[in-house]
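Have a look at protein13.tsv; it's TSV, C-alpha atoms:
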chain	number	residue	atom	x	y	z
A	1	MET	CA	0.00	0.00	0.00
A	2	LYS	CA	2.94	2.39	0.46
A	3	TYR	CA	3.31	2.62	-3.33
A	4	PHE	CA	-0.38	3.32	-3.92
A	5	PRO	CA	0.12	7.14	-4.27
A	6	LEU	CA	2.66	6.45	-7.00
A	7	VAL	CA	0.24	4.20	-8.89
A	8	TRP	CA	-2.61	6.68	-8.35
A	9	ALA	CA	-0.52	9.57	-9.67
A	10	GLY	CA	0.38	7.61	-12.78
A	11	LEU	CA	-3.26	6.77	-13.43
A	12	TRP	CA	-4.35	10.42	-13.24
A	13	ARG	CA	-1.43	11.85	-15.18
A	14	LYS	CA	-3.84	12.59	-18.06
A	15	ARG	CA	-7.11	13.26	-16.28
A	16	VAL	CA	-9.36	13.71	-19.31
A	17	ARG	CA	-8.15	10.49	-20.95
A	18	THR	CA	-8.54	8.54	-17.70
A	19	ILE	CA	-12.06	9.89	-17.05
A	20	LEU	CA	-13.22	9.06	-20.59
A	21	THR	CA	-11.76	5.56	-20.32
A	22	ILE	CA	-13.42	5.01	-16.94
A	23	LEU	CA	-16.78	6.17	-18.31
A	24	SER	CA	-16.43	3.79	-21.27
A	25	ILE	CA	-15.72	0.84	-18.96
A	26	VAL	CA	-18.54	1.80	-16.58
A	27	VAL	CA	-21.09	2.01	-19.41
A	28	ALA	CA	-19.86	-1.24	-21.00
A	29	PHE	CA	-20.09	-3.25	-17.78
A	30	ALA	CA	-23.43	-1.70	-16.81
A	31	LEU	CA	-24.73	-2.84	-20.21
A	32	PHE	CA	-23.09	-6.25	-19.73
A	33	GLY	CA	-24.67	-6.64	-16.29
A	34	ILE	CA	-28.18	-5.81	-17.50
A	35	ILE	CA	-28.28	-7.85	-20.70
A	36	GLN	CA	-26.34	-10.82	-19.32
A	37	GLY	CA	-28.33	-10.62	-16.09
A	38	PHE	CA	-31.58	-10.73	-18.02
A	39	THR	CA	-30.86	-14.16	-19.50
A	40	ALA	CA	-29.42	-15.47	-16.23
A	41	ALA	CA	-32.40	-14.20	-14.22
A	42	LEU	CA	-34.78	-15.60	-16.83
A	43	ASP	CA	-33.18	-19.04	-16.46
A	44	ASP	CA	-33.36	-18.78	-12.67
A	45	ALA	CA	-37.00	-17.68	-12.85
A	46	ILE	CA	-37.94	-20.59	-15.11
A	47	ASP	CA	-36.23	-23.07	-12.80
A	48	GLY	CA	-37.80	-21.52	-9.70
A	49	LEU	CA	-41.34	-21.00	-10.98
A	50	THR	CA	-41.86	-24.19	-12.94
A	51	ASP	CA	-42.13	-27.77	-11.72
A	52	GLU	CA	-40.82	-30.81	-13.54
A	53	ALA	CA	-43.56	-32.86	-11.84
A	54	ARG	CA	-46.06	-31.05	-14.10
A	55	LEU	CA	-46.30	-32.21	-17.71
A	56	ILE	CA	-47.75	-30.36	-20.71
A	57	VAL	CA	-49.39	-32.53	-23.37
A	58	GLN	CA	-49.88	-30.84	-26.74
A	59	SER	CA	-50.39	-31.89	-30.33
A	60	ARG	CA	-47.23	-33.07	-32.07
A	61	VAL	CA	-48.22	-30.88	-35.06
A	62	ASN	CA	-48.11	-27.57	-33.17
A	63	ILE	CA	-49.54	-25.92	-30.09
A	64	THR	CA	-52.54	-24.49	-31.95
A	65	GLU	CA	-53.72	-27.93	-33.12
A	66	PRO	CA	-56.46	-29.17	-30.72
A	67	LEU	CA	-56.55	-32.55	-29.01
A	68	PRO	CA	-59.69	-34.66	-28.41
A	69	GLN	CA	-61.35	-34.39	-25.01
A	70	ALA	CA	-61.61	-38.18	-25.15
A	71	PHE	CA	-57.93	-38.35	-24.12
A	72	LEU	CA	-58.82	-37.12	-20.60
A	73	PRO	CA	-60.05	-40.41	-19.04
A	74	ARG	CA	-57.15	-42.34	-20.56
A	75	LEU	CA	-54.64	-39.92	-19.04
A	76	ARG	CA	-56.33	-40.02	-15.64
A	77	ALA	CA	-56.29	-43.81	-15.69
A	78	MET	CA	-52.48	-43.92	-15.76
A	79	ASN	CA	-51.04	-45.29	-12.48
A	80	GLU	CA	-48.31	-42.67	-12.08
A	81	VAL	CA	-50.58	-39.68	-12.75
A	82	ARG	CA	-52.03	-37.76	-9.80
A	83	ASP	CA	-54.48	-35.61	-11.77
A	84	VAL	CA	-55.12	-34.10	-15.19
A	85	SER	CA	-56.83	-30.93	-16.32
A	86	PRO	CA	-57.82	-29.93	-19.84
A	87	TYR	CA	-56.83	-26.41	-20.81
A	88	GLY	CA	-58.61	-24.32	-23.42
A	89	PHE	CA	-57.13	-21.10	-24.76
A	90	PHE	CA	-59.82	-18.47	-24.39
A	91	GLY	CA	-58.03	-15.45	-25.87
A	92	GLY	CA	-59.56	-13.12	-23.30
A	93	TYR	CA	-59.55	-9.33	-23.13
A	94	TYR	CA	-61.32	-6.69	-21.06
A	95	GLN	CA	-63.18	-3.78	-22.69
A	96	GLU	CA	-60.90	-3.62	-25.74
A	97	PRO	CA	-58.72	-6.19	-27.54
A	98	ARG	CA	-55.47	-4.50	-26.56
A	99	GLN	CA	-56.22	-5.10	-22.86
A	100	GLN	CA	-55.53	-8.81	-23.11
A	101	ILE	CA	-55.99	-11.09	-20.12
A	102	ASN	CA	-54.64	-14.62	-20.07
A	103	THR	CA	-57.79	-16.69	-19.58
A	104	GLY	CA	-57.86	-20.47	-19.35
A	105	ALA	CA	-60.76	-22.91	-19.39
A	106	VAL	CA	-59.82	-25.70	-16.97
A	107	ASP	CA	-61.13	-28.36	-14.63
A	108	ILE	CA	-61.03	-26.16	-11.52
A	109	GLU	CA	-60.65	-28.95	-8.93
A	110	ALA	CA	-57.94	-30.70	-10.92
A	111	TRP	CA	-56.17	-27.40	-11.61
A	112	PHE	CA	-55.63	-26.68	-7.93
A	113	THR	CA	-54.45	-30.25	-7.39
A	114	ILE	CA	-51.90	-29.80	-10.15
A	115	LEU	CA	-50.86	-26.45	-8.61
A	116	PRO	CA	-51.06	-27.18	-4.87
A	117	GLU	CA	-49.02	-24.08	-3.97
A	118	TRP	CA	-51.84	-21.84	-5.24
A	119	GLU	CA	-54.45	-20.92	-2.66
A	120	THR	CA	-58.06	-19.78	-2.61
A	121	ASP	CA	-60.69	-19.48	0.08
A	122	PRO	CA	-62.61	-22.78	0.50
A	123	ALA	CA	-65.95	-20.95	0.60
A	124	GLN	CA	-65.12	-19.16	-2.64
A	125	MET	CA	-64.09	-22.46	-4.19
A	126	GLU	CA	-67.50	-23.90	-3.24
A	127	THR	CA	-69.20	-20.93	-4.87
A	128	MET	CA	-67.07	-21.44	-7.96
A	129	MET	CA	-67.99	-25.11	-8.22
A	130	ARG	CA	-71.73	-24.42	-8.22
A	131	THR	CA	-71.62	-21.38	-10.53
A	132	ARG	CA	-71.71	-22.33	-14.20
A	133	ASN	CA	-70.19	-19.10	-15.48
A	134	GLY	CA	-67.99	-18.64	-12.41
A	135	ALA	CA	-64.38	-17.54	-12.56
A	136	LEU	CA	-61.41	-17.52	-10.22
A	137	VAL	CA	-59.38	-14.34	-10.75
A	138	GLY	CA	-55.80	-13.62	-9.70
A	139	ALA	CA	-55.35	-11.23	-6.79
A	140	ASP	CA	-53.05	-8.94	-8.81
A	141	LEU	CA	-55.59	-8.69	-11.62
A	142	MET	CA	-58.40	-7.95	-9.16
A	143	GLU	CA	-56.40	-5.09	-7.68
A	144	GLU	CA	-55.41	-3.75	-11.10
A	145	HIS	CA	-59.01	-3.42	-12.32
A	146	GLY	CA	-60.69	-2.72	-8.99
A	147	TRP	CA	-62.94	-5.78	-9.22
A	148	ASN	CA	-64.58	-7.45	-6.24
A	149	VAL	CA	-65.81	-10.96	-5.56
A	150	GLY	CA	-69.44	-11.12	-6.73
A	151	ASP	CA	-68.94	-8.78	-9.71
A	152	THR	CA	-70.08	-9.85	-13.16
A	153	ILE	CA	-67.74	-8.63	-15.89
A	154	PRO	CA	-67.97	-8.71	-19.69
A	155	LEU	CA	-64.97	-10.71	-20.84
A	156	GLY	CA	-64.25	-10.56	-24.55
A	157	SER	CA	-62.66	-13.36	-26.55
A	158	SER	CA	-60.51	-12.85	-29.61
A	159	ILE	CA	-61.18	-16.46	-30.68
A	160	TRP	CA	-64.60	-17.77	-29.56
A	161	THR	CA	-68.18	-16.69	-30.09
A	162	ASN	CA	-70.74	-17.29	-27.32
A	163	THR	CA	-73.79	-19.16	-28.60
A	164	SER	CA	-76.14	-17.54	-26.05
A	165	THR	CA	-75.36	-14.00	-27.18
A	166	GLY	CA	-74.07	-14.52	-30.71
A	167	THR	CA	-71.14	-12.24	-29.86
A	168	THR	CA	-67.60	-12.65	-28.57
A	169	THR	CA	-68.62	-11.22	-25.18
A	170	TRP	CA	-68.94	-13.66	-22.26
A	171	GLU	CA	-70.56	-12.66	-18.96
A	172	ILE	CA	-68.26	-13.96	-16.22
A	173	TYR	CA	-69.16	-14.03	-12.52
A	174	ILE	CA	-66.18	-13.54	-10.19
A	175	ALA	CA	-66.71	-16.35	-7.69
A	176	GLY	CA	-63.35	-16.07	-5.95
A	177	VAL	CA	-59.75	-14.92	-5.84
A	178	TYR	CA	-56.65	-17.07	-5.98
A	179	HIS	CA	-53.17	-16.30	-4.68
A	180	THR	CA	-50.06	-17.78	-6.26
A	181	GLY	CA	-47.36	-16.96	-3.68
A	182	GLN	CA	-43.62	-17.30	-4.40
A	183	GLY	CA	-43.65	-13.90	-6.09
A	184	ILE	CA	-45.50	-15.29	-9.13
A	185	PRO	CA	-47.83	-12.71	-10.73
A	186	SER	CA	-51.49	-13.68	-10.20
A	187	ASP	CA	-52.97	-12.00	-13.24
A	188	ASP	CA	-54.91	-14.78	-14.98
A	189	ILE	CA	-58.57	-15.80	-15.05
A	190	TYR	CA	-59.77	-19.40	-14.87
A	191	ILE	CA	-63.25	-20.50	-15.93
A	192	HIS	CA	-64.99	-23.89	-16.07
A	193	TYR	CA	-63.97	-25.91	-19.10
A	194	GLU	CA	-67.47	-27.48	-19.31
A	195	PHE	CA	-69.13	-24.05	-19.47
A	196	PHE	CA	-66.66	-22.87	-22.09
A	197	ASP	CA	-66.96	-26.00	-24.23
A	198	GLU	CA	-70.77	-26.00	-24.22
A	199	ALA	CA	-71.15	-22.29	-24.90
A	200	ARG	CA	-68.73	-21.84	-27.82
A	201	THR	CA	-70.08	-22.07	-31.36
A	202	ASN	CA	-67.40	-24.46	-32.64
A	203	GLY	CA	-64.59	-26.70	-31.47
A	204	GLN	CA	-66.67	-28.67	-28.97
A	205	GLY	CA	-65.03	-31.80	-27.61
A	206	THR	CA	-61.47	-30.54	-28.09
A	207	VAL	CA	-58.85	-29.02	-25.80
A	208	SER	CA	-55.77	-26.92	-26.45
A	209	LEU	CA	-53.54	-28.73	-23.95
A	210	TYR	CA	-53.58	-31.17	-21.09
A	211	HIS	CA	-51.81	-30.35	-17.83
A	212	VAL	CA	-50.70	-33.50	-15.98
A	213	ARG	CA	-49.19	-33.86	-12.52
A	214	VAL	CA	-47.20	-37.02	-11.82
A	215	ASN	CA	-46.76	-38.61	-8.41
A	216	ASP	CA	-42.97	-38.95	-8.65
A	217	VAL	CA	-40.93	-36.16	-10.26
A	218	THR	CA	-38.10	-38.60	-11.03
A	219	ARG	CA	-40.53	-40.47	-13.29
A	220	SER	CA	-41.61	-37.40	-15.27
A	221	ASP	CA	-39.64	-38.26	-18.40
A	222	ALA	CA	-40.79	-41.88	-18.33
A	223	VAL	CA	-44.44	-40.84	-17.94
A	224	ALA	CA	-44.06	-38.34	-20.79
A	225	GLN	CA	-42.77	-41.11	-23.05
A	226	GLN	CA	-45.65	-43.39	-21.98
A	227	ILE	CA	-48.19	-40.69	-22.87
A	228	ASP	CA	-46.69	-40.09	-26.30
A	229	GLY	CA	-46.43	-43.83	-26.86
A	230	MET	CA	-50.10	-44.29	-25.93
A	231	PHE	CA	-51.22	-41.95	-28.72
A	232	ALA	CA	-48.52	-42.83	-31.26
A	233	ASN	CA	-49.73	-43.59	-34.80
A	234	SER	CA	-53.15	-42.09	-34.00
A	235	THR	CA	-54.73	-39.18	-35.84
A	236	ASN	CA	-53.81	-36.97	-32.86
A	237	GLU	CA	-50.25	-37.76	-31.88
A	238	THR	CA	-48.95	-35.90	-28.84
A	239	GLN	CA	-45.76	-34.22	-27.68
A	240	THR	CA	-45.31	-34.24	-23.90
A	241	GLN	CA	-42.77	-32.17	-21.98
A	242	ASN	CA	-42.29	-31.21	-18.39
A	243	GLU	CA	-43.29	-27.65	-17.54
A	244	THR	CA	-39.70	-26.38	-17.41
A	245	ASP	CA	-38.75	-27.70	-20.86
A	246	PHE	CA	-42.08	-26.55	-22.29
A	247	THR	CA	-41.50	-22.99	-21.05
A	248	ARG	CA	-37.96	-22.92	-22.41
A	249	GLY	CA	-39.24	-24.20	-25.73
A	250	GLN	CA	-41.82	-21.42	-25.99
A	251	ILE	CA	-39.16	-18.80	-25.28
A	252	ALA	CA	-36.79	-20.41	-27.80
A	253	GLN	CA	-39.37	-19.85	-30.54
A	254	ILE	CA	-38.69	-16.12	-30.23
A	255	GLY	CA	-35.05	-16.78	-31.09
A	256	ASP	CA	-31.76	-17.83	-29.51
A	257	ILE	CA	-31.75	-15.11	-26.86
A	258	ASN	CA	-28.54	-16.35	-25.25
A	259	PHE	CA	-26.69	-16.15	-28.58
A	260	PHE	CA	-27.79	-12.58	-29.28
A	261	VAL	CA	-27.02	-11.43	-25.73
A	262	ASN	CA	-23.58	-13.06	-25.72
A	263	ALA	CA	-22.82	-11.64	-29.18
A	264	ILE	CA	-23.67	-8.10	-28.09
A	265	ALA	CA	-21.74	-8.39	-24.82
A	266	GLY	CA	-18.77	-9.95	-26.61
A	267	ALA	CA	-18.63	-7.19	-29.23
A	268	VAL	CA	-18.78	-4.48	-26.56
A	269	LEU	CA	-16.07	-6.05	-24.39
A	270	PHE	CA	-13.82	-6.82	-27.37
A	271	THR	CA	-13.97	-3.18	-28.46
A	272	LEU	CA	-13.37	-2.09	-24.87
A	273	LEU	CA	-10.23	-4.24	-24.72
A	274	PHE	CA	-8.68	-2.23	-27.55
A	275	LEU	CA	-9.64	1.01	-25.82
A	276	THR	CA	-8.09	0.10	-22.46
A	277	GLY	CA	-5.04	-1.46	-24.10
A	278	ASN	CA	-4.42	1.71	-26.10
A	279	THR	CA	-4.86	3.84	-22.98
A	280	MET	CA	-2.32	1.80	-21.02
A	281	MET	CA	0.22	1.78	-23.85
A	282	GLN	CA	-0.05	5.55	-24.31
A	283	SER	CA	0.27	6.13	-20.58
A	284	VAL	CA	3.37	3.98	-20.24
A	285	ARG	CA	4.93	5.33	-23.45
A	286	GLU	CA	4.68	8.87	-22.10
A	287	ARG	CA	6.33	7.82	-18.82
A	288	ILE	CA	9.24	5.75	-20.10
A	289	PRO	CA	11.80	8.28	-18.75
A	290	GLU	CA	9.99	8.33	-15.40
A	291	LEU	CA	10.14	4.55	-15.19
A	292	ALA	CA	13.88	4.72	-15.93
A	293	VAL	CA	14.31	7.11	-13.02
A	294	LEU	CA	12.58	4.59	-10.77
A	295	LYS	CA	15.06	1.94	-11.92
A	296	THR	CA	18.00	4.27	-11.12
A	297	TYR	CA	16.63	4.55	-7.59
A	298	GLY	CA	16.84	0.78	-7.21
A	299	PHE	CA	13.36	-0.38	-8.23
A	300	SER	CA	13.60	-3.75	-9.95
A	301	ASN	CA	11.98	-4.66	-13.26
A	302	ALA	CA	9.46	-6.78	-11.36
A	303	THR	CA	8.45	-3.83	-9.18
A	304	VAL	CA	8.05	-1.47	-12.14
A	305	THR	CA	6.00	-4.14	-13.91
A	306	ALA	CA	3.84	-4.52	-10.80
A	307	PHE	CA	3.15	-0.76	-10.88
A	308	ILE	CA	1.85	-1.05	-14.44
A	309	TYR	CA	-0.36	-4.04	-13.61
A	310	ALA	CA	-1.66	-2.32	-10.49
A	311	GLU	CA	-2.59	0.73	-12.54
A	312	SER	CA	-4.39	-1.44	-15.09
A	313	PHE	CA	-6.25	-3.37	-12.38
A	314	LEU	CA	-7.26	-0.16	-10.64
A	315	LEU	CA	-8.58	1.26	-13.90
A	316	CYS	CA	-10.39	-1.82	-15.29
A	317	LEU	CA	-11.61	-3.57	-12.17
A	318	GLY	CA	-12.57	-0.37	-10.33
A	319	ALA	CA	-14.60	0.99	-13.24
A	320	ALA	CA	-16.14	-2.45	-13.90
A	321	LEU	CA	-17.34	-2.69	-10.29
A	322	ILE	CA	-18.99	0.72	-10.61
A	323	GLY	CA	-20.72	-0.41	-13.83
A	324	LEU	CA	-21.87	-3.69	-12.29
A	325	GLY	CA	-23.12	-1.76	-9.24
A	326	ILE	CA	-25.22	0.46	-11.52
A	327	ALA	CA	-26.57	-2.66	-13.24
A	328	ALA	CA	-27.44	-4.27	-9.90
A	329	ALA	CA	-29.24	-1.13	-8.71
A	330	SER	CA	-31.29	-0.70	-11.88
A	331	PHE	CA	-31.87	-4.37	-12.70
A	332	PRO	CA	-35.05	-4.95	-10.61
A	333	SER	CA	-36.74	-1.93	-12.22
A	334	VAL	CA	-35.97	-3.32	-15.69
A	335	PHE	CA	-37.99	-6.47	-14.92
A	336	GLU	CA	-40.72	-4.37	-13.32
A	337	ALA	CA	-40.96	-2.23	-16.47
A	338	LEU	CA	-41.49	-5.44	-18.47
A	339	ASP	CA	-44.42	-6.25	-16.12
A	340	VAL	CA	-42.49	-9.14	-14.61
A	341	LEU	CA	-41.79	-9.75	-10.93
A	342	ARG	CA	-38.82	-7.82	-9.55
A	343	MET	CA	-35.63	-9.87	-9.51
A	344	PRO	CA	-32.13	-9.06	-8.23
A	345	LEU	CA	-29.09	-9.23	-10.49
A	346	PRO	CA	-27.75	-12.80	-10.19
A	347	MET	CA	-24.41	-12.94	-8.37
A	348	SER	CA	-23.09	-15.24	-11.09
A	349	VAL	CA	-23.25	-12.28	-13.50
A	350	VAL	CA	-21.32	-10.06	-11.08
A	351	ALA	CA	-18.66	-12.78	-10.66
A	352	THR	CA	-18.39	-13.22	-14.45
A	353	GLY	CA	-18.09	-9.46	-14.90
A	354	CYS	CA	-15.26	-9.27	-12.33
A	355	LEU	CA	-13.47	-12.15	-14.05
A	356	LEU	CA	-13.74	-10.46	-17.46
A	357	ALA	CA	-12.50	-7.17	-15.99
A	358	THR	CA	-9.51	-9.00	-14.48
A	359	ILE	CA	-8.67	-10.64	-17.82
A	360	MET	CA	-9.02	-7.26	-19.53
A	361	ALA	CA	-6.66	-5.66	-17.01
A	362	VAL	CA	-4.02	-8.37	-17.52
A	363	VAL	CA	-4.21	-8.27	-21.33
A	364	SER	CA	-4.21	-4.45	-21.43
A	365	ALA	CA	-1.15	-4.20	-19.17
A	366	LEU	CA	0.85	-6.94	-20.89
A	367	PRO	CA	2.32	-5.00	-23.89
A	368	PRO	CA	3.40	-1.92	-21.90
A	369	ALA	CA	4.73	-4.13	-19.09
A	370	VAL	CA	6.90	-6.10	-21.55
A	371	ARG	CA	8.22	-2.86	-23.03
A	372	ALA	CA	9.03	-1.44	-19.60
A	373	GLN	CA	10.92	-4.60	-18.67
A	374	ARG	CA	12.98	-4.71	-21.86
A	375	SER	CA	13.98	-1.03	-21.92
A	376	ASN	CA	17.39	-0.20	-20.48
A	377	ILE	CA	17.96	2.86	-18.35
A	378	VAL	CA	20.09	4.82	-20.89
A	379	ASP	CA	17.59	4.44	-23.75
A	380	ALA	CA	14.64	5.10	-21.46
A	381	LEU	CA	16.14	8.33	-20.09
A	382	ALA	CA	16.76	9.42	-23.68
A	383	GLY	CA	13.07	8.74	-24.44
A	384	ARG	CA	13.91	5.99	-26.90
Can you turn what I pasted into structure tokens?
Amino acid sequence: MKYFPLVWAGLWRKRVRTILTILSIVVAFALFGIIQGFTAALDDAIDGLTDEARLIVQSRVNITEPLPQAFLPRLRAMNEVRDVSPYGFFGGYYQEPRQQINTGAVDIEAWFTILPEWETDPAQMETMMRTRNGALVGADLMEEHGWNVGDTIPLGSSIWTNTSTGTTTWEIYIAGVYHTGQGIPSDDIYIHYEFFDEARTNGQGTVSLYHVRVNDVTRSDAVAQQIDGMFANSTNETQTQNETDFTRGQIAQIGDINFFVNAIAGAVLFTLLFLTGNTMMQSVRERIPELAVLKTYGFSNATVTAFIYAESFLLCLGAALIGLGIAAASFPSVFEALDVLRMPLPMSVVATGCLLATIMAVVSALPPAVRAQRSNIVDALAGR
């Protein structure tokens, strides 16, 4: 630490250049933290909010191809299956199509067996079970729209027409509220599948998906293969995945997010390496005579080289930590702006950022350190 003032003075010899370099590193690592943190947090969220004991059964053709309702008793008859619920995409919206609400037509009792961590009041569940057009609404959605239990709301559908009205408007009675816990947004609506299937003008007897819960999570893959094997070579072949893989597959359809994020971060950091390397080489080149003076005072080549590396580490790692700190502070609000639960910046991203900054410091300091070691005192004092 006694040589720290010497290193500090060398770093700030050209203040404007040092400040601009620090700002570049801060911005680059703040960007790295946010974009790399997004994919890391997304992976963590998928792992934490999904359950491999839950299986999704869809058509092998694509997710929009319906499956027969006749599959339901065959799935429930499987020994390793705890319960099954059909799921019908409703395509719901409130007041206008742009105010979309994720609405599912399900077997309510089976749904809360498949999702045991979700909770609702038993009395409200009883009301729901005896109300044909009843709905269970997420607590977050209730608060957002100011609805109350007992309200009847006009829920539009972008897909289905109601036979009783001849329109796409469905009168839904809010029988109860459900709470998801675990920080999962509760912003969906669930209605009775039987009511939905009977009231729509077409598509009766079909479902969009089946949600299956198995008794033993270690048997999930085996059960998935059994389900697909049961309907193989039929007119409605299935593709079964656990909930985690299904969610990852849906996200992957958007594109290879990890590839794009890593490509952007790599391009930024590669460009930054040239910037910091050039800064260090210029700084040392300007101070070659000063380094020679240090050698005349008895400082060894190793000590002079250590000064250069210390300066590079102070510049790169210090600025990187500031950038990662900015990313960590702003990261939760980024998820909140995307209408997703607030999440902290994963520590794995911070550790990776520190490692990259360390590598950058070493690589940036290497050329000037080699030059400083090889220069002799006479040539250095002459500025050669």
So the first atom is atom CA of A:Trp12 and the second is atom CA of A:Leu275; what is the distance between them in Å, to one decimal place? 16.6 Å
Sorted by chain and rising residue number, list the residues of stretch 47-81 of chain A at most 10 Å from stretch 105-123 of chain A (counting only C-alpha atoms), each with its closest atom pair and distance in Å to one decimal, as a tab-separated table.
residue	atom	partner	partner_atom	distance
A:Asp51	CA	A:Leu115	CA	9.4
A:Ala53	CA	A:Ile114	CA	9.0
A:Arg54	CA	A:Ile114	CA	7.2
A:Leu55	CA	A:Ile114	CA	9.7
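One distance worth recording is that between atom CA of A:Pro185 and atom CA of A:Asp140, which is 6.7 Å.
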Would you compute the distance between atom CA of A:Thr305 and atom CA of A:Phe270? Give it in Å to one decimal. 24.1 Å
Pick from A:Arg82, A:Glu144, A:Cys354, A:Ala365, whichever lies nearest to A:Phe307 using only C-alpha atoms: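 Of the candidates, the smallest distance to A:Phe307 is held by A:Ala365.
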Counting all atoms listed in the file, which residue out of A:Gly104, A:Gly325, A:Gly205, A:Pro368 sits closest to A:Phe71?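 Counting all atoms listed in the file, the residue closest to A:Phe71 is A:Gly205.
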Name all residues at most 7 Å from A:Thr64 (count all atoms listed in the file; drop same-chain ones fewer than 2 positions away) and give them as number ranges by chain. A: 62, 66, 208
From A:Phe90, A:Gln226, A:Met129, A:Phe231, residue lying nearest A:Thr161 [all atoms listed in the file]: A:Phe90
Could you give me, as a PDB file with C-alpha atoms, keeping the file's coordinate frame, the residues that sit within 9 Å of (-43.7, -28.5, -20.3) in the file's coordinates, counting only C-alpha atoms?
ATOM      1  CA  THR A  50     -41.860 -24.190 -12.940  1.00  0.00           C
ATOM      2  CA  ASP A  51     -42.130 -27.770 -11.720  1.00  0.00           C
ATOM      3  CA  GLU A  52     -40.820 -30.810 -13.540  1.00  0.00           C
ATOM      4  CA  ARG A  54     -46.060 -31.050 -14.100  1.00  0.00           C
ATOM      5  CA  LEU A  55     -46.300 -32.210 -17.710  1.00  0.00           C
ATOM      6  CA  ILE A  56     -47.750 -30.360 -20.710  1.00  0.00           C
ATOM      7  CA  VAL A  57     -49.390 -32.530 -23.370  1.00  0.00           C
ATOM      8  CA  HIS A 211     -51.810 -30.350 -17.830  1.00  0.00           C
ATOM      9  CA  THR A 240     -45.310 -34.240 -23.900  1.00  0.00           C
ATOM     10  CA  GLN A 241     -42.770 -32.170 -21.980  1.00  0.00           C
ATOM     11  CA  ASN A 242     -42.290 -31.210 -18.390  1.00  0.00           C
ATOM     12  CA  GLU A 243     -43.290 -27.650 -17.540  1.00  0.00           C
ATOM     13  CA  THR A 244     -39.700 -26.380 -17.410  1.00  0.00           C
ATOM     14  CA  ASP A 245     -38.750 -27.700 -20.860  1.00  0.00           C
ATOM     15  CA  PHE A 246     -42.080 -26.550 -22.290  1.00  0.00           C
ATOM     16  CA  THR A 247     -41.500 -22.990 -21.050  1.00  0.00           C
ATOM     17  CA  ARG A 248     -37.960 -22.920 -22.410  1.00  0.00           C
ATOM     18  CA  GLY A 249     -39.240 -24.200 -25.730  1.00  0.00           C
TER      19      GLY A 249
END
(-55.2, -10.1, -17.9) in this file's frame - what residues fall within 8 Å of it? Use only C-alpha atoms and give the answer as JSON, numbers by chain. {"A": [92, 93, 94, 99, 100, 101, 102, 103, 141, 187, 188, 189]}
Considering all atoms listed in the file, state which residue in the set A:Gly150, A:Ile326, A:Asn278, A:Asn301 is at the smallest distance from A:Thr127.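 Under the stated criterion, the closest residue is A:Gly150.
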Name all residues at most 7 Å from A:Gly134 (count only C-alpha atoms; drop same-chain ones fewer than 5 positions away) and give them as a short mmCIF file (atom, residue, chain, number, x, y, z; two decimals) with C-alpha atoms, in the coordinates of the input.
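Contents of around30.cif, freshly written:
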data_model
loop_
_atom_site.label_atom_id
_atom_site.label_comp_id
_atom_site.auth_asym_id
_atom_site.auth_seq_id
_atom_site.Cartn_x
_atom_site.Cartn_y
_atom_site.Cartn_z
CA MET A 128 -67.07 -21.44 -7.96
CA ILE A 172 -68.26 -13.96 -16.22
CA TYR A 173 -69.16 -14.03 -12.52
CA ILE A 174 -66.18 -13.54 -10.19
CA ALA A 175 -66.71 -16.35 -7.69
CA ILE A 191 -63.25 -20.50 -15.93
#
Write out as a count of residues only each polymer residue whose atoms come within 12 Å of A:Val362, counting all atoms listed in the file; drop sequence neighbours fewer than 2 positions from it. 29
